[in-house]
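Q: Can you keep this structure in mind? I'll have questions shortly.
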Amino acid sequence: MDIEKEKKAIERLKAFEPECEPYYLCYSGGKDSDCIRILAQLAGVKHEVHHNLTTVDAPETVRYVKSVGAIIDKAYYSDGKQKTMWNLIVNKKIPPTRLIRYCCEELKEHGGKGKMKITGVRWGESKSRKECKGIINIIGKSKTMQKKAESESVEYNVNRQGGLILNMDNSENRRFVENCYRTTSTLLNPIIDWTDSDVWEFLHYYGCDSNPLYQCGFKRIGCIGCPFASYSMRYKEFGLYPKYRKNYIRAFDKMLLARNQAGLTNNAKWDTAIDVFKWWMNEDINQLSFFDEE
Ligand code: SF4
């Protein structure tokens, strides 16, 4: 295990700890979020472990996050009704896709507003992460934030989304973060520079069993049917969890009705919910026969 990386992650957690309130620790139930959960305990910083329920989490994941004592947060519409993947698909009148990624924003990222959040984001997860994530990420309002940062001698970069990246743990940066996290979305990524093997070695050293789905061959823990997962992964998931596939198809059915009522054009030539499902999976009819008939 890389002791230096562990020490550094603990220092980061201590350095940016808010004075009067706990960190909001974003806990997905995956291996990276287990690392930040254990690191926050080792650092002795005030924190609350939160899992934002997407309603398309695997049942094993929901059981696992409950077993570690995470607080389960749900998303709600303004009338008090719970937001689910199924009603979002109907309300948005389009399935979630890699380009139209409304579900993360509505179901996953809504929690912890005005709180300093800890995430298990790592550069090693994708190339684009290296360009747009740092030890601290301040999301949005770039011009205002840039002016403020410059006036306080903060060292920062701007990412493609216009957010600020801070990679230095100096007193100016710490003061800046302490003063702005309540009004912005501010994320601390203490294991940003960890590799997959750093993560696994750390978890084994501290005796963390991890989400049981890893023992079933899952490489990543996420939502069932997530459009960001590989095709083979999505097929595997829908084979293992046929009820979720049925729920998606049922939601697509209602979505088609909503689209008709709203007079939307049918460029994708969707006649049935199965057409939508095939389009969504981006595969042809032969591959769809992989699934049992309804
Ligand atoms: S399905 Fe994918 S894009 Fe949607 S909330 Fe889940 S992880 Fe985010």
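In the structure tokens, each chain is lettered A, B, ... as it comes, each chain's residues begin at 1, and ligands are numbered from 1 in order of appearance.
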Enumerate the residues of segment 209-244 of chain A with a DSSP assignment of alpha helix (DSSP H), computed from the backbone, and present them as a PDB file with N, CA and C atoms, in the first residue's frame.
A:
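Result saved to states.pdb:
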```
ATOM      1  N   TYR A 231     -21.578  -1.384 -23.786  1.00  0.00           N
ATOM      2  CA  TYR A 231     -22.730  -2.177 -24.263  1.00  0.00           C
ATOM      3  C   TYR A 231     -22.786  -3.527 -23.560  1.00  0.00           C
ATOM      4  N   SER A 232     -21.608  -4.167 -23.478  1.00  0.00           N
ATOM      5  CA  SER A 232     -21.613  -5.516 -22.900  1.00  0.00           C
ATOM      6  C   SER A 232     -22.051  -5.477 -21.439  1.00  0.00           C
ATOM      7  N   MET A 233     -21.652  -4.411 -20.751  1.00  0.00           N
ATOM      8  CA  MET A 233     -22.033  -4.279 -19.345  1.00  0.00           C
ATOM      9  C   MET A 233     -23.546  -4.101 -19.214  1.00  0.00           C
ATOM     10  N   ARG A 234     -24.110  -3.268 -20.091  1.00  0.00           N
ATOM     11  CA  ARG A 234     -25.561  -3.010 -20.006  1.00  0.00           C
ATOM     12  C   ARG A 234     -26.346  -4.289 -20.306  1.00  0.00           C
ATOM     13  N   TYR A 235     -25.888  -5.055 -21.299  1.00  0.00           N
ATOM     14  CA  TYR A 235     -26.564  -6.331 -21.593  1.00  0.00           C
ATOM     15  C   TYR A 235     -26.477  -7.280 -20.410  1.00  0.00           C
ATOM     16  N   LYS A 236     -25.297  -7.301 -19.816  1.00  0.00           N
ATOM     17  CA  LYS A 236     -25.107  -8.179 -18.657  1.00  0.00           C
ATOM     18  C   LYS A 236     -26.075  -7.763 -17.542  1.00  0.00           C
ATOM     19  N   GLU A 237     -26.156  -6.446 -17.302  1.00  0.00           N
ATOM     20  CA  GLU A 237     -27.027  -5.956 -16.228  1.00  0.00           C
ATOM     21  C   GLU A 237     -28.494  -6.297 -16.489  1.00  0.00           C
ATOM     22  N   PHE A 238     -28.935  -6.081 -17.728  1.00  0.00           N
ATOM     23  CA  PHE A 238     -30.352  -6.361 -18.001  1.00  0.00           C
ATOM     24  C   PHE A 238     -30.655  -7.864 -18.010  1.00  0.00           C
ATOM     25  N   GLY A 239     -29.625  -8.665 -18.269  1.00  0.00           N
ATOM     26  CA  GLY A 239     -29.803 -10.110 -18.144  1.00  0.00           C
ATOM     27  C   GLY A 239     -29.957 -10.506 -16.675  1.00  0.00           C
ATOM     28  N   LEU A 240     -29.176  -9.838 -15.819  1.00  0.00           N
ATOM     29  CA  LEU A 240     -29.223 -10.165 -14.390  1.00  0.00           C
ATOM     30  C   LEU A 240     -30.438  -9.550 -13.690  1.00  0.00           C
ATOM     31  N   PRO A 242     -33.815  -8.431 -15.005  1.00  0.00           N
ATOM     32  CA  PRO A 242     -34.835  -8.235 -16.052  1.00  0.00           C
ATOM     33  C   PRO A 242     -35.953  -7.288 -15.630  1.00  0.00           C
ATOM     34  N   LYS A 243     -36.190  -7.190 -14.313  1.00  0.00           N
ATOM     35  CA  LYS A 243     -37.257  -6.304 -13.847  1.00  0.00           C
ATOM     36  C   LYS A 243     -36.944  -4.841 -14.215  1.00  0.00           C
ATOM     37  N   TYR A 244     -35.691  -4.485 -14.169  1.00  0.00           N
ATOM     38  CA  TYR A 244     -35.315  -3.102 -14.497  1.00  0.00           C
ATOM     39  C   TYR A 244     -35.541  -2.834 -15.990  1.00  0.00           C
TER      40      TYR A 244
END
```
Q: Going by DSSP on the backbone, which residues of segment 41-288 of chain A come out as strand (DSSP E)? List them as number ranges by chain.
A: A: 47-52, 71-73, 116-118, 136-139, 157-158, 164-166, 185-188
Q: So which residues are near ligand 1, meaning at most 12 Å away with only C-alpha atoms and all ligand atoms counted, given back as a ChimeraX atom specification?
A: /A:28,30,52-58,75,83-86,88-89,95-110,220-230,234,244,248
Q: So, with only C-alpha atoms as the atoms that count, which of A:Asp275, A:Asp193, A:Glu19, A:Asp253 lies closest to Val90 of chain A?
A: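 Under the stated criterion, the closest residue is A:Asp253.
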Q: Counting only C-alpha atoms, what is within 10 Å of Ile138 of chain A, bar same-chain residues fewer than 5 positions away, as a list in words?
A: Lys133, Met145, Val158, Asn159, Gly162, Gly163, Leu164, Ile165, Leu166, Val177, Cys180, Tyr181, Thr184, Ser185, Thr186, Leu187 and Leu188 of chain A
Q: Report as an MDAnalysis selection string all protein, DNA and RNA residues lying within 8 Å of Leu213 of chain A, evaluated on only C-alpha atoms, omitting residues in the same chain fewer than 3 positions from it.
A: chainID A and resid 60:61 216:218 221
Q: Separation of atom CA of Asn173 of chain A and atom CA of Ser153 of chain A, in Å?
A: 8.2 Å
Q: If we count only C-alpha atoms and set the cut-off at 10 Å, which residues sit around segment 23-27 of chain A, ignoring sequence neighbours fewer than 4 positions away in its own chain? Please answer as a VMD selection string.
A: chain A and resid 13 16 to 19 31 to 37 40 45 to 52 65 70 to 72 108 to 109 111 to 120 187 to 188
Q: Would you mind exporting the chosen residues as a PDB file, in the first residue's frame, restricted to C-alpha atoms?
A:
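The resulting file, result-v8.pdb, is shown below:
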```
ATOM      1  CA  LEU A  13      -9.232  16.008   4.268  1.00  0.00           C
ATOM      2  CA  PHE A  16     -10.236  21.676   3.904  1.00  0.00           C
ATOM      3  CA  GLU A  17     -12.447  20.537   6.783  1.00  0.00           C
ATOM      4  CA  PRO A  18     -15.210  23.131   7.331  1.00  0.00           C
ATOM      5  CA  GLU A  19     -14.998  24.744  10.731  1.00  0.00           C
ATOM      6  CA  LYS A  31     -14.726   0.959  -4.072  1.00  0.00           C
ATOM      7  CA  ASP A  32     -13.627   4.607  -4.400  1.00  0.00           C
ATOM      8  CA  SER A  33     -16.321   5.811  -2.065  1.00  0.00           C
ATOM      9  CA  ASP A  34     -15.305   3.101   0.442  1.00  0.00           C
ATOM     10  CA  CYS A  35     -11.794   4.608   0.376  1.00  0.00           C
ATOM     11  CA  ILE A  36     -12.995   8.131   1.188  1.00  0.00           C
ATOM     12  CA  ARG A  37     -15.296   6.759   3.891  1.00  0.00           C
ATOM     13  CA  ALA A  40     -12.468  10.351   6.628  1.00  0.00           C
ATOM     14  CA  VAL A  45     -12.784  14.860  10.330  1.00  0.00           C
ATOM     15  CA  LYS A  46     -16.480  15.592  10.876  1.00  0.00           C
ATOM     16  CA  HIS A  47     -18.461  13.969   8.091  1.00  0.00           C
ATOM     17  CA  GLU A  48     -21.805  12.438   7.142  1.00  0.00           C
ATOM     18  CA  VAL A  49     -21.955   9.574   4.653  1.00  0.00           C
ATOM     19  CA  HIS A  50     -24.762  10.123   2.111  1.00  0.00           C
ATOM     20  CA  HIS A  51     -26.020   7.893  -0.665  1.00  0.00           C
ATOM     21  CA  ASN A  52     -28.230   9.571  -3.242  1.00  0.00           C
ATOM     22  CA  VAL A  65     -24.811   1.224   1.502  1.00  0.00           C
ATOM     23  CA  ALA A  70     -25.005   5.639   4.995  1.00  0.00           C
ATOM     24  CA  ILE A  71     -27.859   8.151   5.058  1.00  0.00           C
ATOM     25  CA  ILE A  72     -30.140   7.514   2.079  1.00  0.00           C
ATOM     26  CA  LYS A 108     -27.366  11.983  -7.915  1.00  0.00           C
ATOM     27  CA  GLU A 109     -25.854  15.423  -7.722  1.00  0.00           C
ATOM     28  CA  GLY A 111     -27.645  16.299  -2.499  1.00  0.00           C
ATOM     29  CA  GLY A 112     -25.396  18.365  -0.236  1.00  0.00           C
ATOM     30  CA  LYS A 113     -26.271  21.848  -1.553  1.00  0.00           C
ATOM     31  CA  GLY A 114     -24.297  24.479   0.371  1.00  0.00           C
ATOM     32  CA  LYS A 115     -22.121  21.777   1.950  1.00  0.00           C
ATOM     33  CA  MET A 116     -18.489  20.948   1.338  1.00  0.00           C
ATOM     34  CA  LYS A 117     -18.619  17.594  -0.462  1.00  0.00           C
ATOM     35  CA  ILE A 118     -16.048  14.792  -0.523  1.00  0.00           C
ATOM     36  CA  THR A 119     -16.017  12.582  -3.603  1.00  0.00           C
ATOM     37  CA  GLY A 120     -14.046   9.495  -4.640  1.00  0.00           C
ATOM     38  CA  LEU A 187     -15.978  19.219  -4.158  1.00  0.00           C
ATOM     39  CA  LEU A 188     -12.897  17.865  -2.424  1.00  0.00           C
TER      40      LEU A 188
END
```
Q: Hey, what's within 9 Å of Ser171 of chain A if we count only C-alpha atoms and toss same-chain stuff fewer than 4 positions away? As an mmCIF file with C-alpha atoms, in the first residue's frame, please?
A:
```cif
data_model
loop_
_atom_site.group_PDB
_atom_site.id
_atom_site.type_symbol
_atom_site.label_atom_id
_atom_site.label_comp_id
_atom_site.auth_asym_id
_atom_site.auth_seq_id
_atom_site.Cartn_x
_atom_site.Cartn_y
_atom_site.Cartn_z
ATOM 1 C CA ALA A 15 -6.828 20.913 5.438
ATOM 2 C CA ARG A 175 -9.418 30.329 3.066
ATOM 3 C CA PHE A 176 -10.993 30.815 -0.370
#
```
Q: Of the candidates A:Glu21, A:Asp209, A:Glu150, A:Glu131, which shows the shortest atom-to-atom distance to Val68 of chain A, using only C-alpha atoms?
A: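 Residue with the minimum atom-to-atom distance to Val68 of chain A: A:Asp209.
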